[in-house]
$ cat query_17.csv   # CSV, C-alpha atoms
chain,number,residue,atom,x,y,z
A,425,MET,CA,20.9,-13.9,-39.7
A,426,PRO,CA,19.2,-11.4,-37.2
A,427,GLU,CA,20.7,-8.0,-37.5
A,428,THR,CA,18.7,-5.7,-35.2
A,429,ALA,CA,18.1,-5.8,-31.5
A,430,ARG,CA,14.4,-6.6,-32.1
A,431,GLN,CA,15.3,-9.5,-34.4
A,432,ILE,CA,17.8,-10.9,-31.9
A,433,ALA,CA,15.3,-10.5,-29.0
A,434,ASP,CA,12.6,-12.4,-31.1
A,435,ASP,CA,15.1,-15.1,-31.9
A,436,LEU,CA,16.0,-15.5,-28.2
A,437,ARG,CA,12.4,-15.5,-27.2
A,438,ALA,CA,11.8,-18.3,-29.8
A,439,ARG,CA,14.6,-20.3,-28.3
A,440,ILE,CA,13.1,-19.8,-24.8
A,441,ASP,CA,9.7,-21.0,-26.1
A,442,ASP,CA,11.3,-24.0,-27.6
A,443,GLY,CA,12.9,-24.9,-24.3
A,444,GLU,CA,16.5,-24.2,-25.1
A,445,PHE,CA,16.6,-21.8,-22.2
A,446,GLY,CA,14.3,-22.9,-19.4
A,447,PRO,CA,13.0,-20.8,-16.5
A,448,GLY,CA,15.9,-19.4,-14.5
A,449,ALA,CA,18.4,-20.2,-17.2
A,450,ARG,CA,21.1,-17.7,-18.0
A,451,LEU,CA,20.9,-16.2,-21.5
A,452,PRO,CA,23.9,-15.5,-23.7
A,453,GLY,CA,25.6,-12.3,-22.6
A,454,GLU,CA,26.7,-9.4,-24.8
A,455,PRO,CA,30.0,-11.0,-25.9
A,456,ALA,CA,28.3,-14.2,-27.0
A,457,LEU,CA,25.6,-12.3,-28.8
A,458,VAL,CA,28.2,-10.1,-30.6
A,459,ARG,CA,30.0,-13.3,-31.7
A,460,ASP,CA,27.0,-15.4,-32.6
A,461,TYR,CA,25.0,-12.7,-34.4
A,462,GLY,CA,27.8,-10.5,-35.8
A,463,VAL,CA,26.4,-7.3,-34.3
A,464,ALA,CA,27.8,-4.4,-32.3
A,465,LYS,CA,27.8,-4.6,-28.5
A,466,MET,CA,25.1,-1.9,-28.3
A,467,THR,CA,22.8,-4.0,-30.5
A,468,ALA,CA,23.4,-7.0,-28.3
A,469,ASN,CA,22.7,-5.0,-25.2
A,470,GLY,CA,19.5,-3.6,-26.7
A,471,ALA,CA,18.2,-7.1,-27.4
A,472,LEU,CA,18.7,-8.2,-23.8
A,473,LYS,CA,17.0,-5.0,-22.6
A,474,LEU,CA,14.0,-5.7,-24.8
A,475,LEU,CA,13.5,-9.1,-23.2
A,476,VAL,CA,13.8,-7.5,-19.8
A,477,ALA,CA,11.3,-4.8,-20.7
A,478,GLU,CA,8.8,-7.3,-22.0
A,479,GLY,CA,9.0,-9.4,-18.8
A,480,VAL,CA,10.6,-12.4,-20.5
A,481,ALA,CA,13.9,-12.0,-18.7
A,482,VAL,CA,15.4,-10.4,-15.6
A,483,SER,CA,18.7,-8.6,-15.3
A,484,ARG,CA,21.0,-9.3,-12.4
A,485,PRO,CA,23.8,-6.8,-12.3
A,486,GLY,CA,27.2,-8.4,-12.2
A,487,SER,CA,25.8,-11.8,-13.0
A,488,GLY,CA,23.8,-11.7,-16.3
A,489,THR,CA,20.4,-11.9,-17.8
A,490,TYR,CA,18.1,-14.8,-16.9
A,491,VAL,CA,14.8,-16.2,-18.2
A,492,ARG,CA,12.1,-15.1,-15.9
A,493,GLU,CA,10.6,-17.9,-13.9
A,494,PHE,CA,7.1,-16.4,-13.6
A,495,LYS,CA,4.7,-17.8,-16.2
A,496,PRO,CA,2.6,-15.0,-17.8
A,497,ILE,CA,-1.1,-14.9,-17.1
A,498,LEU,CA,-3.4,-15.3,-20.1
A,499,ARG,CA,-6.3,-12.9,-19.4
A,500,ASP,CA,-9.2,-14.1,-21.5
A,501,ALA,CA,-11.7,-11.2,-21.1
A,502,THR,CA,-14.5,-13.0,-22.8
A,503,LYS,CA,-14.2,-16.2,-20.8
A,504,ARG,CA,-13.6,-14.6,-17.4
A,505,LEU,CA,-16.6,-12.3,-17.6
A,506,SER,CA,-19.0,-15.0,-18.9
A,507,ARG,CA,-22.1,-15.7,-16.8
A,508,ASP,CA,-21.2,-19.3,-16.6
A,509,GLN,CA,-18.0,-18.4,-14.7
A,510,TRP,CA,-19.4,-16.3,-11.8
A,511,ALA,CA,-22.9,-17.7,-11.7
A,512,ALA,CA,-21.4,-21.1,-10.8
A,513,GLY,CA,-19.8,-19.5,-7.8
A,514,ASN,CA,-16.3,-19.3,-9.3
A,515,SER,CA,-14.0,-16.4,-9.1
A,516,ILE,CA,-13.4,-14.7,-12.5
A,517,TRP,CA,-9.7,-15.1,-11.6
A,518,SER,CA,-10.0,-18.9,-11.9
A,519,ALA,CA,-10.5,-18.4,-15.7
A,520,ASP,CA,-7.1,-16.7,-15.8
A,521,ILE,CA,-4.9,-18.8,-13.5
A,522,GLY,CA,-6.5,-22.2,-13.2
A,523,GLU,CA,-5.0,-23.9,-10.1
A,524,ARG,CA,-2.2,-21.4,-9.6
A,525,PRO,CA,-2.3,-19.8,-6.1
A,526,MET,CA,-3.8,-16.3,-5.9
A,527,THR,CA,-3.9,-14.1,-2.8
A,528,VAL,CA,-5.5,-10.7,-2.2
A,529,ALA,CA,-3.6,-8.1,-0.3
A,530,ASP,CA,-4.3,-4.6,1.0
A,531,LEU,CA,-8.1,-5.1,0.8
A,532,GLU,CA,-10.1,-2.1,1.7
A,533,VAL,CA,-13.9,-1.8,1.5
A,534,TYR,CA,-15.6,1.4,2.4
A,535,GLU,CA,-18.3,3.9,1.5
A,536,THR,CA,-17.5,7.4,0.2
A,537,ASP,CA,-18.7,10.2,-2.0
A,538,ALA,CA,-18.4,9.2,-5.7
A,539,PRO,CA,-15.4,10.8,-7.5
A,540,ARG,CA,-16.5,13.0,-10.3
A,541,TRP,CA,-15.4,10.6,-13.1
A,542,VAL,CA,-17.0,7.7,-11.3
A,543,ALA,CA,-20.3,9.5,-10.9
A,544,ARG,CA,-20.3,10.3,-14.6
A,545,VAL,CA,-19.7,6.7,-15.6
A,546,LEU,CA,-22.3,5.3,-13.2
A,547,ASP,CA,-24.8,8.0,-14.0
A,548,LEU,CA,-25.0,9.1,-10.3
A,549,GLY,CA,-26.4,12.3,-8.8
A,550,ALA,CA,-24.2,14.9,-7.1
A,551,ASP,CA,-25.0,13.5,-3.6
A,552,ASP,CA,-24.9,9.8,-4.4
A,553,ARG,CA,-22.2,7.7,-2.8
A,554,VAL,CA,-20.3,4.6,-3.8
A,555,ILE,CA,-19.0,1.4,-2.2
A,556,VAL,CA,-15.3,1.1,-3.0
A,557,ARG,CA,-13.4,-2.2,-3.1
A,558,SER,CA,-9.7,-1.6,-3.4
A,559,ARG,CA,-7.2,-4.5,-3.5
A,560,ARG,CA,-3.9,-5.9,-4.8
A,561,PHE,CA,-3.6,-9.4,-6.4
A,562,LEU,CA,-0.7,-11.7,-6.1
A,563,VAL,CA,-0.2,-14.8,-8.3
A,564,ASP,CA,2.4,-17.4,-7.3
A,565,GLY,CA,3.4,-14.9,-4.6
A,566,GLU,CA,4.2,-12.1,-7.1
A,567,PRO,CA,2.1,-8.9,-7.3
A,568,VAL,CA,0.5,-8.7,-10.7
A,569,GLN,CA,-2.5,-6.3,-10.5
A,570,MET,CA,-4.1,-3.5,-8.5
A,571,ALA,CA,-7.8,-2.9,-8.8
A,572,VAL,CA,-10.4,-0.5,-7.4
A,573,SER,CA,-14.1,-1.1,-8.0
A,574,TYR,CA,-16.9,1.4,-7.5
A,575,LEU,CA,-20.5,0.5,-7.1
A,576,PRO,CA,-23.6,2.6,-6.3
A,577,ALA,CA,-24.0,2.5,-2.5
A,578,ASN,CA,-27.8,2.7,-2.6
A,579,LEU,CA,-27.8,-0.6,-4.6
A,580,VAL,CA,-25.1,-2.6,-2.7
A,581,ARG,CA,-24.8,-1.0,0.7
A,582,ASP,CA,-26.7,-3.8,2.5
A,583,SER,CA,-25.2,-6.7,0.6
A,584,ARG,CA,-22.0,-8.7,1.0
A,585,ILE,CA,-20.4,-6.5,-1.7
A,586,ALA,CA,-20.0,-4.0,1.2
A,587,GLU,CA,-18.1,-6.6,3.2
A,588,PRO,CA,-14.5,-7.8,2.7
A,589,ASP,CA,-15.6,-11.3,1.6
A,590,SER,CA,-18.2,-10.8,-1.1
A,591,GLY,CA,-18.9,-14.6,-1.2
A,592,PRO,CA,-18.8,-17.3,-3.9
A,593,GLY,CA,-19.1,-15.8,-7.4
A,594,GLY,CA,-18.0,-12.4,-6.1
A,595,THR,CA,-19.5,-9.1,-6.9
A,596,TYR,CA,-21.3,-10.1,-10.1
A,597,LYS,CA,-23.2,-12.9,-8.5
A,598,ARG,CA,-24.2,-10.6,-5.6
A,599,LEU,CA,-25.4,-8.0,-8.1
A,600,ALA,CA,-27.5,-10.7,-9.8
A,601,GLU,CA,-29.1,-11.6,-6.5
A,602,LEU,CA,-29.9,-7.9,-6.1
A,603,GLY,CA,-31.7,-7.8,-9.4
A,604,ALA,CA,-28.9,-6.0,-11.1
A,605,GLU,CA,-27.2,-8.8,-13.1
A,606,PRO,CA,-24.5,-7.5,-15.3
A,607,VAL,CA,-25.0,-8.8,-18.9
A,608,ARG,CA,-22.7,-6.5,-20.9
A,609,PHE,CA,-19.2,-5.1,-20.2
A,610,SER,CA,-17.0,-2.5,-21.9
A,611,GLU,CA,-13.3,-2.2,-21.3
A,612,ASP,CA,-11.0,0.8,-22.1
A,613,LEU,CA,-7.4,-0.2,-22.2
A,614,ARG,CA,-4.2,1.8,-22.5
A,615,ALA,CA,-0.5,1.2,-21.9
A,616,ARG,CA,1.7,3.6,-20.0
A,617,MET,CA,4.7,3.8,-17.7
A,618,PRO,CA,4.0,3.4,-14.0
A,619,SER,CA,4.5,6.0,-11.3
A,620,SER,CA,7.1,5.3,-8.7
A,621,GLU,CA,4.4,4.3,-6.2
A,622,GLU,CA,2.8,1.9,-8.7
A,623,SER,CA,6.1,0.4,-9.5
A,624,ALA,CA,6.7,-0.3,-5.9
A,625,SER,CA,3.3,-1.8,-5.3
A,626,LEU,CA,3.6,-4.1,-8.2
A,627,ALA,CA,7.3,-4.8,-7.9
A,628,ILE,CA,7.6,-3.9,-11.6
A,629,LEU,CA,10.9,-4.6,-13.3
A,630,PRO,CA,12.7,-1.5,-14.6
A,631,GLY,CA,11.4,-0.3,-18.0
A,632,THR,CA,8.3,-2.4,-17.8
A,633,PRO,CA,5.0,-0.6,-18.7
A,634,VAL,CA,1.6,-1.1,-17.0
A,635,LEU,CA,-1.7,-1.8,-18.6
A,636,GLU,CA,-4.6,0.3,-17.3
A,637,ILE,CA,-8.0,-1.2,-17.9
A,638,CYS,CA,-11.2,0.5,-17.0
A,639,ARG,CA,-14.2,-1.8,-17.1
A,640,THR,CA,-17.9,-0.9,-16.8
A,641,ALA,CA,-20.6,-3.5,-16.1
A,642,TYR,CA,-24.2,-2.9,-17.4
A,643,THR,CA,-27.5,-4.5,-16.7
A,644,SER,CA,-29.9,-5.7,-19.5
A,645,ASP,CA,-31.6,-2.3,-19.5
A,646,GLY,CA,-28.3,-0.4,-19.9
A,647,ARG,CA,-27.8,0.6,-16.3
A,648,PRO,CA,-24.1,0.9,-15.2
A,649,VAL,CA,-23.7,-0.9,-11.9
A,650,GLU,CA,-19.9,-1.2,-11.5
A,651,VAL,CA,-16.8,0.5,-12.8
A,652,ASN,CA,-13.5,-1.1,-12.1
A,653,ARG,CA,-10.1,0.5,-12.7
A,654,MET,CA,-7.3,-2.1,-12.9
A,655,LEU,CA,-3.6,-1.7,-13.2
A,656,LEU,CA,-1.7,-4.7,-14.6
A,657,ASP,CA,2.0,-5.4,-14.8
A,658,ALA,CA,2.4,-5.7,-18.5
A,659,GLY,CA,5.2,-8.2,-18.1
A,660,ALA,CA,3.0,-10.6,-16.2
A,661,TYR,CA,0.1,-10.7,-18.7
A,662,ALA,CA,-1.0,-11.7,-22.2
A,663,LEU,CA,-4.5,-10.4,-23.2
A,664,ARG,CA,-7.0,-12.3,-25.2
A,665,TYR,CA,-10.3,-10.9,-26.6
A,666,SER,CA,-12.7,-13.1,-28.6
A,667,PHE,CA,-15.3,-11.6,-30.9
A,668,GLY,CA,-18.4,-13.2,-32.6
A,669,SER,CA,-19.4,-12.7,-36.2

$ encode --input "query_17.csv" --output "structure tokens"
Amino acid sequence: MPETARQIADDLRARIDDGEFGPGARLPGEPALVRDYGVAKMTANGALKLLVAEGVAVSRPGSGTYVREFKPILRDATKRLSRDQWAAGNSIWSADIGERPMTVADLEVYETDAPRWVARVLDLGADDRVIVRSRRFLVDGEPVQMAVSYLPANLVRDSRIAEPDSGPGGTYKRLAELGAEPVRFSEDLRARMPSSEESASLAILPGTPVLEICRTAYTSDGRPVEVNRMLLDAGAYALRYSFGS
């Protein structure tokens, strides 16, 4: 019999996965959990809060805790960044969401001086500039990610990368057309709590952390051609990385 909030939360998650509680269903409340699991009210409350923090459930004050209706996105980093994906003219997002509707909001594309950290990552000179692509992504109508990409302006200034619509295959296919095809990527990932502004932009549930991913794209000769800082709603994602032998 589960005894801790973590164990109860895991048990409830398993029951959700098995279909006992479908999307939008009301989960057992504190009194029911106290009775069914033989735990204190505080432990029952902690179990429900864990499910909310993990994005599995949503709390509606005065009503109860309900299974979240949004299906988490499986972000397969290896698949989405493969050449077969973008070279065919597909968005790398299609590897994550399939046929689910995705929209881009708050898109801004502009040229500016390179921030110091960006200049360091892209190996730029003190006077070099970058093209910035800043946007927010919504899946099934819900905001799930904010992203800001930086690319050397002297490389991409006269391409569609500097336009709002970068065309089929996106930035990476345009880079390939410019003779700067990305063949290797590195990603630095960390989890943290969001700022109030970030919470508002992503409509993050209370207590939910964000995942900050900073990706750098390199050409075959090791030249960095893009750095992209992404902020993901941790409750909306599952991450997958595949490694060869």

$ closest_residue --input "query_17.csv" --among "A:Phe561, A:Tyr642, A:Phe667, A:Trp510" --to "Thr595 of chain A" --atoms "only C-alpha atoms"
A:Trp510

$ closest_residue --input "query_17.csv" --among "A:Thr527, A:Pro588, A:Asp442, A:Val634" --to "Ala477 of chain A" --atoms "only C-alpha atoms"
A:Val634

$ closest_residue --input "query_17.csv" --among "A:Thr536, A:Glu650, A:Leu451, A:Tyr661" --to "Arg439 of chain A" --atoms "all atoms listed in the file"
A:Leu451

$ residues_around --input "query_17.csv" --residues "Gly470 of chain A" --least-positions-apart "2" --cutoff "10 Å" --atoms "only C-alpha atoms" --output "ChimeraX atom specification"
/A:428-430,432-433,454,465-468,472-476

$ closest_residue --input "query_17.csv" --among "A:Pro618, A:Pro606, A:Gly659, A:Gly594" --to "Ser518 of chain A" --atoms "only C-alpha atoms"
A:Gly594

$ atom_distance --input "query_17.csv" --atom1 "atom CA of Leu599 of chain A" --atom2 "atom CA of Tyr665 of chain A"
24.1 Å

$ atom_distance --input "query_17.csv" --atom1 "atom CA of Ser515 of chain A" --atom2 "atom CA of Asp552 of chain A"
28.8 Å

$ atom_distance --input "query_17.csv" --atom1 "atom CA of Arg559 of chain A" --atom2 "atom CA of Gly591 of chain A"
15.6 Å

$ closest_residue --input "query_17.csv" --among "A:Val554, A:Val649, A:Leu663, A:Ala538" --to "Tyr596 of chain A" --atoms "all atoms listed in the file"
A:Val649

$ closest_residue --input "query_17.csv" --among "A:Ser590, A:Ser625, A:Ser483, A:Gln569" --to "Ile497 of chain A" --atoms "all atoms listed in the file"
A:Gln569

$ residues_near_point --input "query_17.csv" --point "(2.8, -11.0, -13.1)" --cutoff "6 Å" --atoms "all atoms listed in the file" --output "list of chain:residue names"
A:Val568, A:Asp657, A:Ala660

$ write_last_selection --input "query_17.csv" --atoms "C-alpha atoms" --output "PDB file, in the frame of the given file"
ATOM      1  CA  VAL A 568       0.500  -8.700 -10.700  1.00  0.00           C
ATOM      2  CA  ASP A 657       2.000  -5.400 -14.800  1.00  0.00           C
ATOM      3  CA  ALA A 660       3.000 -10.600 -16.200  1.00  0.00           C
TER       4      ALA A 660
END

$ residues_near_point --input "query_17.csv" --point "(-15.4, -10.0, 4.2)" --cutoff "12 Å" --atoms "all atoms listed in the file" --output "JSON list (two decimals) with C-alpha atoms, in the frame of the given file"
[["chain", "number", "residue", "atom", "x", "y", "z"],
["A", 528, "VAL", "CA", -5.50, -10.70, -2.20],
["A", 531, "LEU", "CA", -8.10, -5.10, 0.80],
["A", 532, "GLU", "CA", -10.10, -2.10, 1.70],
["A", 533, "VAL", "CA", -13.90, -1.80, 1.50],
["A", 534, "TYR", "CA", -15.60, 1.40, 2.40],
["A", 557, "ARG", "CA", -13.40, -2.20, -3.10],
["A", 583, "SER", "CA", -25.20, -6.70, 0.60],
["A", 584, "ARG", "CA", -22.00, -8.70, 1.00],
["A", 585, "ILE", "CA", -20.40, -6.50, -1.70],
["A", 586, "ALA", "CA", -20.00, -4.00, 1.20],
["A", 587, "GLU", "CA", -18.10, -6.60, 3.20],
["A", 588, "PRO", "CA", -14.50, -7.80, 2.70],
["A", 589, "ASP", "CA", -15.60, -11.30, 1.60],
["A", 590, "SER", "CA", -18.20, -10.80, -1.10],
["A", 591, "GLY", "CA", -18.90, -14.60, -1.20],
["A", 592, "PRO", "CA", -18.80, -17.30, -3.90],
["A", 594, "GLY", "CA", -18.00, -12.40, -6.10],
["A", 595, "THR", "CA", -19.50, -9.10, -6.90]]

$ residues_around --input "query_17.csv" --residues "Asp551 of chain A" --least-positions-apart "4" --cutoff "12 Å" --atoms "all atoms listed in the file" --output "PyMOL selection string"
chain A and resi 536-540+543+547+576-578

$ axis_aligned_box --input "query_17.csv" --around "segment 437-440 of chain A" --padding-each-side "4 Å" --output "JSON"
{"center_x": 13.2, "center_y": -17.9, "center_z": -27.3, "size_x": 10.8, "size_y": 12.8, "size_z": 13.0}
